[in-house]
Amino acid sequence: MVGYKFMGKAHSHAYKDVGMFFDPAADVVMKAICGRDEQGVKAAADKFGWESYETDWRKMVARDDIDFVDINAPSDAHKEITMAAIAAGKHVFCEKPLALNLADGREMLEAAEKAGVKHAVCFNYRFLPAVQLAKQIIDEGRLGEIHHYRATYLQDWLVDPNTPMAWRLKKEVAGSGAHGDINAHSIDLARFLIGEFDRVVGHNRTFVKERPLATDAAGGLSAGAGSSTQKDEVTVDDATGFLADFKNGAMGMFVASRFAAGRKNHNTFEIHGSKGSLRWDLEKLNELEVYFREDEPNLAGFRRIMATEPSHKYAGNWWPTGHIIGYEHAFVHIVYEFVQHIKTGSPFAPTFYDGVKCQEVLEAVDLSIERGSWVGIDEV
């Protein structure tokens with residue numbers, strides 16, 4: 001695994017727990033973790049349970065005792081590490097967004113397919129039981145024809161203008177700001193639940209143009225790092241919103257912001273169809289609210305379903321009914337499915353293909369902002 005901060009901890013937890021709660025077709029052996037800071041990566045290896053550590057990812061991907069490589073380093077490193085891992089015959093599990101830009105993403109997908117290695121993008125929210133239930137309800141036709149898809153992903157960790165500079169605020173490292181960081185999740189959930197995008201039109205804002213330099217290697221998502229009196233330019237968006245038309249005729253509205261005071265990790269979708277509606281909120285991730293028009297008038301209304309029953313996908317592998325799961329469990333689920341895919345050839349998504357399709361929408365929105373008009377997904 002390359003990376004050992006926020007996502008490194010989440011992924012490590014998944015590798016450690018997947019064999020305890022599931023029965024994967026192969027044991028997951030945590031061979032090596034990689035980072036540039038030897039002291040930091042050594043401490044992470046000891047704490048997270050890795051057998052060894054490396055400070056050079058090139059050495060790591062060349063090791064004969066490694067079968068697949070997990071990449072959760074900053075976005076500007078995704079392509080180079082992925083291409084080297086593919087050339088070494090390794091399967092690849094990559095954080096989102098897949099690449100800094102669409103051209104790089106397409107190149108990564110082509111290389112993986114040509115080499116015949118397995119590949120995955122970590123769109124983890126697909127793998128929560130309540131989201132799986134939403135997918136089941138839609139696929140069964142119980143919402144009828146889909147009219148509206150509304151998504152918000154709101155955080156507030158950048159509202160304070162004194163929050164120091166982080167790599168997530170530099171375009172050359174992150175690719176984009178709130179758009180690529182959190183709109184990417186909303187786009188993937190929309191594709192997973194209701195289908196492909198047709199065209200988009202967007203707008204964005206950067207509310208704070210400069211930020212103080214951090215006094216340590218801050219990764220973002222926190223205002224806790226120290227800062228200096230020197231400032232650096234913010235080169236990404238703080239918030240991006242866009243409208244969308246889907247190929248199935250549905251209308252979409254999307255807002256991603258890291259400037260929504262009071263919203264910590266407010267990832268939501270609400271879907272309206274001809275027969276009913278449903279809504280979900282990550283901050284209440286075990287719950288799905290559902291409304292069906294066929295209900296008797298005196299009983300009609302949104303009902304809250306706790307997706308903790310054994311009949312709900314993945315839930316039965318954890319705790320007794322009603323004993324909720326959390327954010328980290330989605331990573332266990334995607335790791336389990338990817339291991340099954342590697343060992344048995346079972347169907348799996350999201351792959352690099354899904355990463356590319358997401359990147360198409362991200363770049364179409366950016367192009368629409370540049371042009372000031374609607375842009376078709378097939379134009380990027």
# chains A, B, ... in the order shown; residues from 1 in each chain; ligands from 1
>>> residues_around(residues="Gly141 of chain A", least_positions_apart="5", cutoff="12 Å", atoms="only C-alpha atoms", output="PyMOL selection string")
chain A and resi 134-136+146+193-194+273-277+292
>>> residues_around(residues="Glu287 of chain A", least_positions_apart="3", cutoff="12 Å", atoms="only C-alpha atoms", output="list in words")
Leu128, Pro129, Ala130, Val131, Gln132, Leu133, Ala134, Thr268, Leu278, Arg279, Trp280, Asp281, Leu282, Glu283, Lys284, Val290, Phe302, Arg303, Arg304, Ile305, Met306, Ala307, Thr308, Glu309, His312, Gly322, Ile324, Ile325 and Gly326 of chain A
>>> closest_atom_pairs(of="segment 90-183 of chain A", to="segment 336-350 of chain A", cutoff="8 Å", atoms="only C-alpha atoms", output="Markdown table")
| residue | atom | partner | partner_atom | distance |
| --- | --- | --- | --- | --- |
| A:His91 | CA | A:Ile342 | CA | 8.0 |
| A:Lys118 | CA | A:Ile342 | CA | 6.3 |
| A:Ala120 | CA | A:Pro350 | CA | 5.8 |
| A:Val121 | CA | A:Pro350 | CA | 5.7 |
| A:Cys122 | CA | A:Pro350 | CA | 7.4 |
| A:Phe123 | CA | A:Pro350 | CA | 6.8 |
>>> closest_residue(among="A:Arg142, A:Phe21, A:Ile377, A:Trp50", to="Tyr291 of chain A", atoms="only C-alpha atoms")
A:Arg142
>>> closest_residue(among="A:His272, A:Arg191, A:Ile334, A:Leu154", to="Phe93 of chain A", atoms="only C-alpha atoms")
A:Ile334
>>> residues_around(residues="Glu95 of chain A", least_positions_apart="6", cutoff="10 Å", atoms="only C-alpha atoms", output="PyMOL selection string")
chain A and resi 7+11+70-75+78+120-124+355
>>> closest_atom_pairs(of="segment 131-186 of chain A", to="segment 232-248 of chain A", cutoff="6 Å", atoms="only C-alpha atoms", output="CSV")
residue,atom,partner,partner_atom,distance
A:Leu169,CA,A:Val234,CA,5.5
A:Lys170,CA,A:Thr235,CA,5.2
A:Lys171,CA,A:Thr235,CA,5.4
A:Ser176,CA,A:Val236,CA,5.1
A:Gly177,CA,A:Val236,CA,4.7
A:Ala178,CA,A:Ala239,CA,5.6
A:His179,CA,A:Thr240,CA,5.7
>>> write_last_selection(atoms="all heavy atoms", output="compact mmCIF listing (two decimals), in the first residue's frame")
# COMPACT_ATOMS: atom_id res chain seq x y z
N LEU A 169 -5.62 21.53 -1.89
CA LEU A 169 -5.94 22.88 -2.36
C LEU A 169 -5.06 23.33 -3.52
O LEU A 169 -5.12 24.48 -3.94
CB LEU A 169 -5.83 23.88 -1.20
CG LEU A 169 -6.68 23.54 0.03
CD1 LEU A 169 -6.47 24.57 1.12
CD2 LEU A 169 -8.15 23.44 -0.33
N LYS A 170 -4.23 22.40 -4.04
CA LYS A 170 -3.35 22.71 -5.15
C LYS A 170 -3.74 21.87 -6.36
O LYS A 170 -3.74 20.64 -6.31
CB LYS A 170 -1.89 22.43 -4.78
CG LYS A 170 -1.40 23.20 -3.56
CD LYS A 170 -1.45 24.71 -3.75
CE LYS A 170 -0.44 25.20 -4.75
NZ LYS A 170 -0.46 26.70 -4.87
N LYS A 171 -4.07 22.55 -7.45
CA LYS A 171 -4.58 21.85 -8.64
C LYS A 171 -3.58 20.86 -9.20
O LYS A 171 -3.96 19.77 -9.64
CB LYS A 171 -4.95 22.88 -9.72
CG LYS A 171 -5.58 22.26 -10.95
CD LYS A 171 -6.05 23.33 -11.93
CE LYS A 171 -6.66 22.72 -13.19
NZ LYS A 171 -7.87 21.93 -12.90
N SER A 176 -8.49 18.92 -8.73
CA SER A 176 -9.53 19.92 -8.48
C SER A 176 -9.84 19.90 -6.99
O SER A 176 -9.28 19.09 -6.24
CB SER A 176 -10.79 19.64 -9.31
OG SER A 176 -11.41 18.43 -8.93
N GLY A 177 -10.74 20.77 -6.57
CA GLY A 177 -11.05 20.89 -5.15
C GLY A 177 -12.24 20.06 -4.73
O GLY A 177 -12.24 18.84 -4.86
N ALA A 178 -13.29 20.74 -4.25
CA ALA A 178 -14.49 20.03 -3.83
C ALA A 178 -15.06 19.18 -4.97
O ALA A 178 -15.65 18.13 -4.73
CB ALA A 178 -15.54 21.04 -3.35
N HIS A 179 -14.87 19.63 -6.19
CA HIS A 179 -15.44 18.93 -7.35
C HIS A 179 -14.89 17.51 -7.46
O HIS A 179 -15.63 16.52 -7.39
CB HIS A 179 -15.14 19.74 -8.60
CG HIS A 179 -15.88 19.30 -9.81
ND1 HIS A 179 -17.20 18.92 -9.80
CD2 HIS A 179 -15.47 19.20 -11.12
CE1 HIS A 179 -17.58 18.60 -11.02
NE2 HIS A 179 -16.55 18.74 -11.83
>>> atom_distance(atom1="atom CA of Glu296 of chain A", atom2="atom CA of Glu270 of chain A")
22.3 Å
>>> residues_around(residues="Ala112 of chain A", least_positions_apart="5", cutoff="12 Å", atoms="only C-alpha atoms", output="mmCIF file with N, CA, C and O atoms, in the first residue's frame")
data_model
loop_
_atom_site.group_PDB
_atom_site.id
_atom_site.type_symbol
_atom_site.label_atom_id
_atom_site.label_comp_id
_atom_site.auth_asym_id
_atom_site.auth_seq_id
_atom_site.Cartn_x
_atom_site.Cartn_y
_atom_site.Cartn_z
ATOM 1 N N LYS A 79 -1.334 7.984 -11.358
ATOM 2 C CA LYS A 79 -1.020 7.422 -12.670
ATOM 3 C C LYS A 79 0.338 6.732 -12.688
ATOM 4 O O LYS A 79 0.451 5.586 -13.139
ATOM 5 N N THR A 82 0.340 3.531 -10.645
ATOM 6 C CA THR A 82 -0.534 2.548 -11.287
ATOM 7 C C THR A 82 0.126 1.933 -12.508
ATOM 8 O O THR A 82 0.112 0.700 -12.694
ATOM 9 N N MET A 83 0.705 2.754 -13.356
ATOM 10 C CA MET A 83 1.313 2.244 -14.585
ATOM 11 C C MET A 83 2.488 1.324 -14.273
ATOM 12 O O MET A 83 2.687 0.294 -14.938
ATOM 13 N N ALA A 84 3.260 1.663 -13.239
ATOM 14 C CA ALA A 84 4.382 0.803 -12.853
ATOM 15 C C ALA A 84 3.882 -0.510 -12.271
ATOM 16 O O ALA A 84 4.445 -1.582 -12.549
ATOM 17 N N ALA A 85 2.831 -0.446 -11.471
ATOM 18 C CA ALA A 85 2.271 -1.663 -10.888
ATOM 19 C C ALA A 85 1.711 -2.581 -11.975
ATOM 20 O O ALA A 85 1.899 -3.808 -11.946
ATOM 21 N N ILE A 86 1.015 -1.991 -12.933
ATOM 22 C CA ILE A 86 0.472 -2.775 -14.047
ATOM 23 C C ILE A 86 1.600 -3.433 -14.832
ATOM 24 O O ILE A 86 1.526 -4.617 -15.186
ATOM 25 N N ALA A 87 2.666 -2.675 -15.102
ATOM 26 C CA ALA A 87 3.806 -3.225 -15.842
ATOM 27 C C ALA A 87 4.449 -4.381 -15.093
ATOM 28 O O ALA A 87 5.018 -5.294 -15.710
ATOM 29 N N ALA A 88 4.340 -4.356 -13.757
ATOM 30 C CA ALA A 88 4.898 -5.441 -12.941
ATOM 31 C C ALA A 88 3.910 -6.586 -12.754
ATOM 32 O O ALA A 88 4.202 -7.545 -12.034
ATOM 33 N N GLY A 89 2.748 -6.498 -13.404
ATOM 34 C CA GLY A 89 1.759 -7.572 -13.340
ATOM 35 C C GLY A 89 0.926 -7.588 -12.076
ATOM 36 O O GLY A 89 0.315 -8.611 -11.752
ATOM 37 N N LYS A 90 0.861 -6.447 -11.372
ATOM 38 C CA LYS A 90 0.098 -6.393 -10.122
ATOM 39 C C LYS A 90 -1.331 -5.926 -10.395
ATOM 40 O O LYS A 90 -1.580 -5.093 -11.268
ATOM 41 N N HIS A 91 -2.262 -6.438 -9.617
ATOM 42 C CA HIS A 91 -3.604 -5.878 -9.585
ATOM 43 C C HIS A 91 -3.548 -4.552 -8.837
ATOM 44 O O HIS A 91 -2.684 -4.352 -7.982
ATOM 45 N N VAL A 92 -4.482 -3.644 -9.153
ATOM 46 C CA VAL A 92 -4.398 -2.297 -8.599
ATOM 47 C C VAL A 92 -5.729 -1.868 -8.000
ATOM 48 O O VAL A 92 -6.785 -1.987 -8.627
ATOM 49 N N PHE A 93 -5.646 -1.350 -6.783
ATOM 50 C CA PHE A 93 -6.785 -0.778 -6.059
ATOM 51 C C PHE A 93 -6.430 0.686 -5.808
ATOM 52 O O PHE A 93 -5.492 0.977 -5.067
ATOM 53 N N GLY A 105 -6.658 9.057 -16.981
ATOM 54 C CA GLY A 105 -7.540 7.970 -16.576
ATOM 55 C C GLY A 105 -7.771 6.974 -17.691
ATOM 56 O O GLY A 105 -7.754 5.752 -17.479
ATOM 57 N N ARG A 106 -7.982 7.477 -18.883
ATOM 58 C CA ARG A 106 -8.192 6.585 -20.032
ATOM 59 C C ARG A 106 -6.942 5.756 -20.320
ATOM 60 O O ARG A 106 -7.034 4.577 -20.673
ATOM 61 N N GLU A 107 -5.787 6.373 -20.161
ATOM 62 C CA GLU A 107 -4.528 5.649 -20.381
ATOM 63 C C GLU A 107 -4.358 4.539 -19.341
ATOM 64 O O GLU A 107 -3.907 3.432 -19.665
ATOM 65 N N VAL A 117 -4.743 -7.302 -15.835
ATOM 66 C CA VAL A 117 -4.759 -7.257 -14.372
ATOM 67 C C VAL A 117 -6.125 -6.780 -13.895
ATOM 68 O O VAL A 117 -6.864 -6.118 -14.624
ATOM 69 N N LYS A 118 -6.472 -7.113 -12.661
ATOM 70 C CA LYS A 118 -7.716 -6.641 -12.069
ATOM 71 C C LYS A 118 -7.503 -5.219 -11.555
ATOM 72 O O LYS A 118 -6.415 -4.862 -11.094
ATOM 73 N N HIS A 119 -8.569 -4.412 -11.595
ATOM 74 C CA HIS A 119 -8.423 -3.009 -11.208
ATOM 75 C C HIS A 119 -9.710 -2.514 -10.539
ATOM 76 O O HIS A 119 -10.810 -2.942 -10.885
ATOM 77 N N ALA A 120 -9.529 -1.620 -9.578
ATOM 78 C CA ALA A 120 -10.655 -1.100 -8.800
ATOM 79 C C ALA A 120 -10.406 0.352 -8.443
ATOM 80 O O ALA A 120 -9.268 0.782 -8.254
ATOM 81 N N THR A 351 -14.632 -0.376 -11.336
ATOM 82 C CA THR A 351 -13.301 -0.583 -11.891
ATOM 83 C C THR A 351 -12.764 0.743 -12.436
ATOM 84 O O THR A 351 -13.394 1.792 -12.298
ATOM 85 N N PHE A 352 -11.608 0.676 -13.088
ATOM 86 C CA PHE A 352 -11.073 1.871 -13.737
ATOM 87 C C PHE A 352 -12.059 2.427 -14.759
ATOM 88 O O PHE A 352 -12.064 3.633 -15.029
ATOM 89 N N TYR A 353 -12.886 1.562 -15.341
ATOM 90 C CA TYR A 353 -13.907 2.043 -16.273
ATOM 91 C C TYR A 353 -14.821 3.045 -15.583
ATOM 92 O O TYR A 353 -15.129 4.110 -16.135
#
>>> closest_residue(among="A:Ala315, A:Leu189, A:Ala174, A:Ala43", to="Arg126 of chain A", atoms="only C-alpha atoms")
A:Leu189
>>> select_by_dssp(residues="segment 195-377 of chain A", states="strand (DSSP E or B)", output="ChimeraX atom specification")
/A:197-205,210-214,227-233,239-246,251-257,266-273,276-281,287-292,303-306,375-376
>>> residues_around(residues="Ala45 of chain A", least_positions_apart="4", cutoff="10 Å", atoms="only C-alpha atoms", output="list in words")
Tyr4, Ser12, Met30, Lys31, Ala32, Ile33, Cys34, Gly40, Val41, Gly49, Trp50, Glu51, Ser52, Tyr53 and Glu54 of chain A
>>> write_last_selection(atoms="all heavy atoms", output="compact mmCIF listing (two decimals), in the first residue's frame")
# COMPACT_ATOMS: atom_id res chain seq x y z
N TYR A 4 -0.26 6.40 4.00
CA TYR A 4 -0.47 5.89 5.35
C TYR A 4 -1.18 6.90 6.26
O TYR A 4 -1.19 6.74 7.47
CB TYR A 4 0.86 5.47 5.99
CG TYR A 4 1.88 6.57 6.14
CD1 TYR A 4 1.95 7.33 7.31
CD2 TYR A 4 2.78 6.86 5.11
CE1 TYR A 4 2.88 8.34 7.46
CE2 TYR A 4 3.71 7.85 5.25
CZ TYR A 4 3.77 8.60 6.42
OH TYR A 4 4.70 9.60 6.55
N SER A 12 -6.16 0.09 5.69
CA SER A 12 -5.50 -0.91 6.54
C SER A 12 -6.51 -1.60 7.44
O SER A 12 -6.46 -2.83 7.63
CB SER A 12 -4.42 -0.24 7.39
OG SER A 12 -3.39 0.29 6.60
N MET A 30 -0.92 -8.48 4.70
CA MET A 30 -0.47 -7.09 4.61
C MET A 30 1.06 -7.07 4.58
O MET A 30 1.73 -6.99 5.60
CB MET A 30 -1.04 -6.30 5.79
CG MET A 30 -2.57 -6.26 5.78
SD MET A 30 -3.31 -5.70 7.34
CE MET A 30 -2.77 -3.99 7.38
N LYS A 31 1.63 -7.14 3.36
CA LYS A 31 3.06 -7.34 3.20
C LYS A 31 3.87 -6.07 3.44
O LYS A 31 4.87 -6.10 4.15
CB LYS A 31 3.37 -7.87 1.79
CG LYS A 31 2.74 -9.22 1.47
CD LYS A 31 3.20 -10.31 2.42
CE LYS A 31 4.67 -10.64 2.30
NZ LYS A 31 5.04 -11.81 3.14
N ALA A 32 3.47 -4.94 2.80
CA ALA A 32 4.33 -3.75 2.88
C ALA A 32 3.52 -2.48 2.70
O ALA A 32 2.60 -2.42 1.87
CB ALA A 32 5.42 -3.81 1.82
N ILE A 33 3.87 -1.47 3.48
CA ILE A 33 3.28 -0.14 3.37
C ILE A 33 4.40 0.83 3.00
O ILE A 33 5.54 0.66 3.43
CB ILE A 33 2.58 0.27 4.68
CG1 ILE A 33 1.82 1.59 4.52
CG2 ILE A 33 3.55 0.33 5.84
CD1 ILE A 33 0.94 1.93 5.72
N CYS A 34 4.06 1.84 2.19
CA CYS A 34 5.09 2.71 1.64
C CYS A 34 4.76 4.18 1.89
O CYS A 34 3.62 4.61 1.74
CB CYS A 34 5.23 2.46 0.14
SG CYS A 34 6.52 3.43 -0.66
N GLY A 40 7.63 8.18 9.84
CA GLY A 40 6.17 8.13 9.82
C GLY A 40 5.65 6.81 9.29
O GLY A 40 4.72 6.22 9.85
N VAL A 41 6.23 6.30 8.20
CA VAL A 41 5.73 5.06 7.61
C VAL A 41 6.07 3.86 8.48
O VAL A 41 5.28 2.89 8.56
CB VAL A 41 6.23 4.89 6.16
CG1 VAL A 41 7.70 4.51 6.11
CG2 VAL A 41 5.39 3.86 5.43
N GLY A 49 -0.36 -2.84 11.38
CA GLY A 49 -0.21 -4.27 11.24
C GLY A 49 0.43 -4.75 9.95
O GLY A 49 0.22 -5.89 9.54
N TRP A 50 1.25 -3.91 9.31
CA TRP A 50 1.94 -4.33 8.09
C TRP A 50 3.24 -5.05 8.44
O TRP A 50 3.91 -4.71 9.40
CB TRP A 50 2.22 -3.11 7.22
CG TRP A 50 0.96 -2.52 6.66
CD1 TRP A 50 0.13 -1.61 7.26
CD2 TRP A 50 0.36 -2.84 5.40
NE1 TRP A 50 -0.94 -1.33 6.46
CE2 TRP A 50 -0.84 -2.07 5.30
CE3 TRP A 50 0.71 -3.67 4.35
CZ2 TRP A 50 -1.67 -2.14 4.19
CZ3 TRP A 50 -0.12 -3.73 3.24
CH2 TRP A 50 -1.30 -2.98 3.17
N GLU A 51 3.61 -6.04 7.64
CA GLU A 51 4.81 -6.84 7.91
C GLU A 51 6.10 -6.04 7.71
O GLU A 51 7.10 -6.31 8.38
CB GLU A 51 4.84 -8.07 6.99
CG GLU A 51 3.77 -9.10 7.31
CD GLU A 51 3.91 -10.34 6.43
OE1 GLU A 51 4.86 -10.40 5.63
OE2 GLU A 51 3.06 -11.25 6.55
N SER A 52 6.07 -5.08 6.78
CA SER A 52 7.30 -4.33 6.47
C SER A 52 6.92 -2.97 5.92
O SER A 52 5.73 -2.68 5.70
CB SER A 52 8.14 -5.09 5.43
OG SER A 52 7.44 -5.21 4.20
N TYR A 53 7.92 -2.14 5.69
CA TYR A 53 7.66 -0.84 5.09
C TYR A 53 8.73 -0.53 4.05
O TYR A 53 9.83 -1.09 4.08
CB TYR A 53 7.60 0.27 6.15
CG TYR A 53 8.93 0.60 6.79
CD1 TYR A 53 9.78 1.56 6.23
CD2 TYR A 53 9.35 -0.04 7.96
CE1 TYR A 53 11.01 1.85 6.81
CE2 TYR A 53 10.57 0.25 8.54
CZ TYR A 53 11.40 1.20 7.96
OH TYR A 53 12.61 1.50 8.52
N GLU A 54 8.39 0.36 3.13
CA GLU A 54 9.32 0.85 2.12
C GLU A 54 9.20 2.36 2.06
O GLU A 54 8.14 2.93 2.37
CB GLU A 54 8.98 0.27 0.73
CG GLU A 54 9.02 -1.24 0.63
CD GLU A 54 10.42 -1.81 0.53
OE1 GLU A 54 11.39 -1.00 0.53
OE2 GLU A 54 10.56 -3.04 0.45
